[in-house]
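What follows is a short report on a single structure.
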Amino acid sequence: MITVKNLIKTFGGIKAVNGASLTIEEGSITGLIGPNGAGKTTLFNVIAGVYAPDSGQVMLGDKDITGLPPHELFHRGVLRTFQIAHEFGSLTVHDNLMMVPAQQAGEQLLNVWFRPKKIREDEINIARKADEVIDFLQLSGVRNEYAGNLSGGQKKLLELGRTMMVDARIVFLDEVGAGVNRTLLKTIGDAILRLNKERGYTFCMIEHDMDFIGRLCDPVIVMAEGDVLASGTVEQIKTNPQVIEAYLGTGVKSKKERAAT
Ligand SMILES: Nc1ncnc2c1ncn2[C@@H]1O[C@H](COP(=O)(O)OP(=O)(O)O)[C@@H](O)[C@H]1O
Ligand SMILES: [Mg+2]
């Protein structure tokens, strides 16, 4: 579904992503792991249009989406979740969900003036959809709570919920499990699995918790020093000597060094 070819993204002298190539298969829940500073978040941000790459290519199916801005990708169903921003903290959970389709529909301002009836119908439908999402994610207890008052895990669920308000095809999750308690982590994991199985979402998720990865992800891609080090099933990854070496911090051999051994 997504093919990344020879992607390079530098910040000043730092090669955050250094020639990475990978594919994310349609219908998969692909895990992305690697030591801190490996370039995982930067790779996400380039795919999701936050940064343009220095060079390389990102394909969605057979369409070149390299460097397209986030709202263009949004239209194509490519979504990256973000932490709930400050301005959304003072909106309720329900209202946060209501905001999403409006962000997607750029032309609706004209409708406000010329088609008020249509707008009202749309709003009723969107409100109904928001309640379905709230049910699906078991957030009914905090439906009218300000997003700013939610626990870390509930905020993550709400982020996931925002992707359900539009027709997402692939969703990028950056450390969705970080700082989340076990119970909510289970709920988040269940929601991801159900979205994958029942609604055909493809996921690519950066995660550190190997149990969480093991439960959800196949395949797992390992990054180190801006490049892809290995990929395979969780079991293959866990026993891969190069991966173990990267995590033990003994230094990762460069491509040349690896080729030489
Ligand atoms: N906006 C930025 N400006 C400068 N350097 C950055 C920026 N974002 C990331 N980096 C650097 O790029 C490298 C990769 O970072 P990052 O993609 O966040 O890795 P990861 O998510 O795997 O921990 C790090 O050395 C980091 O310091
Ligand atoms: Mg990161």
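FYI, nothing fancy with the structure tokens labels: chains A, B, ... in order, residues from 1 per chain, ligands from 1 as they appear.
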Quiz item: So which bits of segment 21-102 of chain A end up strand (DSSP E or B) when you DSSP the backbone, as a VMD selection string?
Solution: chain A and resid 21 to 24 29 to 33 55 to 60 63 to 64 78 to 80 92
Quiz item: Got a sec: who's within 10 Å of Leu185 of chain A, counting only C-alpha atoms, leaving out chain neighbours fewer than 4 positions off, as a list in words?
Solution: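 Listed by chain and then number, they are Gly153, Gln154, Lys156, Leu157, Val176, Gly177, Ala178, Gly179, Val180, Asn181, Gly189, Asp190, Ala191 and Phe212 of chain A.
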Pull the closest atom pair for each residue of chain A that gets at most 10 Å from ligand 2, along with the distance in Å to one decimal, counting only C-alpha atoms and all ligand atoms, ordering rows by chain and then ascending residue number, as a Markdown table.
```
| residue | atom | partner | partner_atom_place_in_ligand_line | distance |
| --- | --- | --- | --- | --- |
| A:Ile33 | CA | ligand 2 | 1 (Mg) | 9.5 |
| A:Gly34 | CA | ligand 2 | 1 (Mg) | 9.3 |
| A:Pro35 | CA | ligand 2 | 1 (Mg) | 9.2 |
| A:Asn36 | CA | ligand 2 | 1 (Mg) | 6.8 |
| A:Gly37 | CA | ligand 2 | 1 (Mg) | 7.0 |
| A:Ala38 | CA | ligand 2 | 1 (Mg) | 8.0 |
| A:Gly39 | CA | ligand 2 | 1 (Mg) | 7.0 |
| A:Lys40 | CA | ligand 2 | 1 (Mg) | 5.5 |
| A:Thr41 | CA | ligand 2 | 1 (Mg) | 4.1 |
| A:Thr42 | CA | ligand 2 | 1 (Mg) | 7.3 |
| A:Leu43 | CA | ligand 2 | 1 (Mg) | 9.2 |
| A:Phe44 | CA | ligand 2 | 1 (Mg) | 8.9 |
| A:Asn45 | CA | ligand 2 | 1 (Mg) | 9.9 |
| A:Asp174 | CA | ligand 2 | 1 (Mg) | 7.0 |
| A:Glu175 | CA | ligand 2 | 1 (Mg) | 7.5 |
| A:Ile206 | CA | ligand 2 | 1 (Mg) | 7.6 |
| A:Glu207 | CA | ligand 2 | 1 (Mg) | 8.9 |
| A:His208 | CA | ligand 2 | 1 (Mg) | 9.9 |
```
Practice problem: Write out as a PyMOL selection string each polymer residue whose atoms come within 7 Å of segment 70-72 of chain A, counting only C-alpha atoms; drop sequence neighbours fewer than 3 positions from it. | Solution: chain A and resi 48-50+75-76
Prev. selection, C-alpha atoms, output as a compact mmCIF listing (two decimals), in the first residue's frame:
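This went into part_1.txt:
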```
# COMPACT_ATOMS: atom_id res chain seq x y z
CA ALA A 48 2.60 11.93 6.47
CA GLY A 49 3.66 15.11 4.69
CA VAL A 50 4.89 17.04 7.73
CA HIS A 75 -8.19 13.34 1.44
CA ARG A 76 -6.49 10.16 0.32
```
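Closest to ligand 1 among A:Val93, A:Ile2, A:Cys204, A:Leu32 is A:Leu32, based on only C-alpha atoms and all ligand atoms.
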Quiz item: Ala130 of chain A: which residues within 7 Å, counting only C-alpha atoms, same-chain residues fewer than 4 positions away excluded, as a ChimeraX atom specification?
Solution: /A:94,97-98,126,134,165
Dump as a PDB file, in the first residue's frame, selection limited to C-alpha atoms:
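New file out.pdb:
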```pdb
ATOM      1  CA  HIS A  94     -17.908  14.531  21.322  1.00  0.00           C
ATOM      2  CA  LEU A  97     -14.860  14.175  16.969  1.00  0.00           C
ATOM      3  CA  MET A  98     -17.343  16.544  15.309  1.00  0.00           C
ATOM      4  CA  ILE A 126     -21.779  13.679  11.976  1.00  0.00           C
ATOM      5  CA  ILE A 134     -17.527   6.905  21.234  1.00  0.00           C
ATOM      6  CA  MET A 165     -14.622  10.118  11.644  1.00  0.00           C
TER       7      MET A 165
END
```
Self-check item: Shell of 12 Å around Gly141 of chain A, only C-alpha atoms, local chain residues under 2 positions omitted, as a ChimeraX atom specification
Solution: /A:92-94,131,134-135,137-139,143-146,150,154
Next, write the just-selected residues to a file, as an mmCIF file, in the first residue's frame, keeping N, CA and C atoms as the atom set.
```cif
data_model
loop_
_atom_site.group_PDB
_atom_site.id
_atom_site.type_symbol
_atom_site.label_atom_id
_atom_site.label_comp_id
_atom_site.auth_asym_id
_atom_site.auth_seq_id
_atom_site.Cartn_x
_atom_site.Cartn_y
_atom_site.Cartn_z
ATOM 1 N N THR A 92 -15.279 19.234 24.264
ATOM 2 C CA THR A 92 -15.620 17.911 24.797
ATOM 3 C C THR A 92 -15.138 16.822 23.831
ATOM 4 N N VAL A 93 -15.149 15.591 24.321
ATOM 5 C CA VAL A 93 -14.791 14.436 23.497
ATOM 6 C C VAL A 93 -15.668 14.411 22.247
ATOM 7 N N HIS A 94 -16.974 14.559 22.449
ATOM 8 C CA HIS A 94 -17.908 14.531 21.322
ATOM 9 C C HIS A 94 -17.605 15.642 20.316
ATOM 10 N N ASP A 131 -21.077 9.621 18.025
ATOM 11 C CA ASP A 131 -21.550 8.755 19.110
ATOM 12 C C ASP A 131 -21.231 7.284 18.852
ATOM 13 N N ILE A 134 -17.652 6.885 19.775
ATOM 14 C CA ILE A 134 -17.527 6.905 21.234
ATOM 15 C C ILE A 134 -17.896 5.539 21.816
ATOM 16 N N ASP A 135 -18.962 4.933 21.293
ATOM 17 C CA ASP A 135 -19.355 3.590 21.735
ATOM 18 C C ASP A 135 -18.270 2.563 21.408
ATOM 19 N N LEU A 137 -15.171 2.874 21.012
ATOM 20 C CA LEU A 137 -13.946 3.028 21.800
ATOM 21 C C LEU A 137 -14.203 3.006 23.305
ATOM 22 N N GLN A 138 -15.435 2.703 23.674
ATOM 23 C CA GLN A 138 -15.816 2.631 25.091
ATOM 24 C C GLN A 138 -15.491 3.932 25.827
ATOM 25 N N LEU A 139 -15.823 5.042 25.199
ATOM 26 C CA LEU A 139 -15.577 6.350 25.818
ATOM 27 C C LEU A 139 -16.876 7.015 26.274
ATOM 28 N N ARG A 143 -18.037 11.123 27.389
ATOM 29 C CA ARG A 143 -18.543 11.770 26.167
ATOM 30 C C ARG A 143 -18.546 13.295 26.262
ATOM 31 N N ASN A 144 -18.975 13.816 27.396
ATOM 32 C CA ASN A 144 -19.110 15.271 27.534
ATOM 33 C C ASN A 144 -17.995 15.900 28.368
ATOM 34 N N GLU A 145 -16.950 15.124 28.588
ATOM 35 C CA GLU A 145 -15.795 15.631 29.341
ATOM 36 C C GLU A 145 -14.894 16.444 28.404
ATOM 37 N N TYR A 146 -14.251 17.489 28.941
ATOM 38 C CA TYR A 146 -13.275 18.212 28.132
ATOM 39 C C TYR A 146 -12.096 17.295 27.830
ATOM 40 N N LEU A 150 -8.931 14.354 30.080
ATOM 41 C CA LEU A 150 -8.838 12.902 29.921
ATOM 42 C C LEU A 150 -7.488 12.390 30.412
ATOM 43 N N GLN A 154 -6.910 7.683 27.554
ATOM 44 C CA GLN A 154 -8.173 8.112 26.937
ATOM 45 C C GLN A 154 -7.919 9.086 25.793
#
```
Quiz item: What gap, in Å, lies between atom CA of Ala224 of chain A and atom CA of Ile65 of chain A?
Solution: 24.5 Å
Quiz item: So which bits of segment 9-222 of chain A end up alpha helix (DSSP H) when you DSSP the backbone, as a VMD selection string?
Solution: chain A and resid 40 to 47 70 to 75 86 to 89 93 to 104 108 to 114 116 to 136 152 to 164 182 to 199 210 to 216
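Residues within 7 Å of Arg169 of chain A, counting only C-alpha atoms and excluding same-chain residues fewer than 4 positions away, are A:Gly77, A:Val78, A:Tyr201, A:Thr202.
Here atom CA of Ala230 of chain A stands at a distance of 13.0 Å from atom CA of Thr30 of chain A.
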Quiz item: Which is closest to ligand 1 among A:Glu123, A:Glu159, A:Asp227, A:Asp64, if we use only C-alpha atoms and all ligand atoms?
Solution: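 Nearest candidate to ligand 1 out of A:Glu123, A:Glu159, A:Asp227, A:Asp64: A:Asp227.
Computed from the coordinates, the atom CA of Lys9 of chain A to atom CA of Glu25 of chain A distance equals 23.0 Å.
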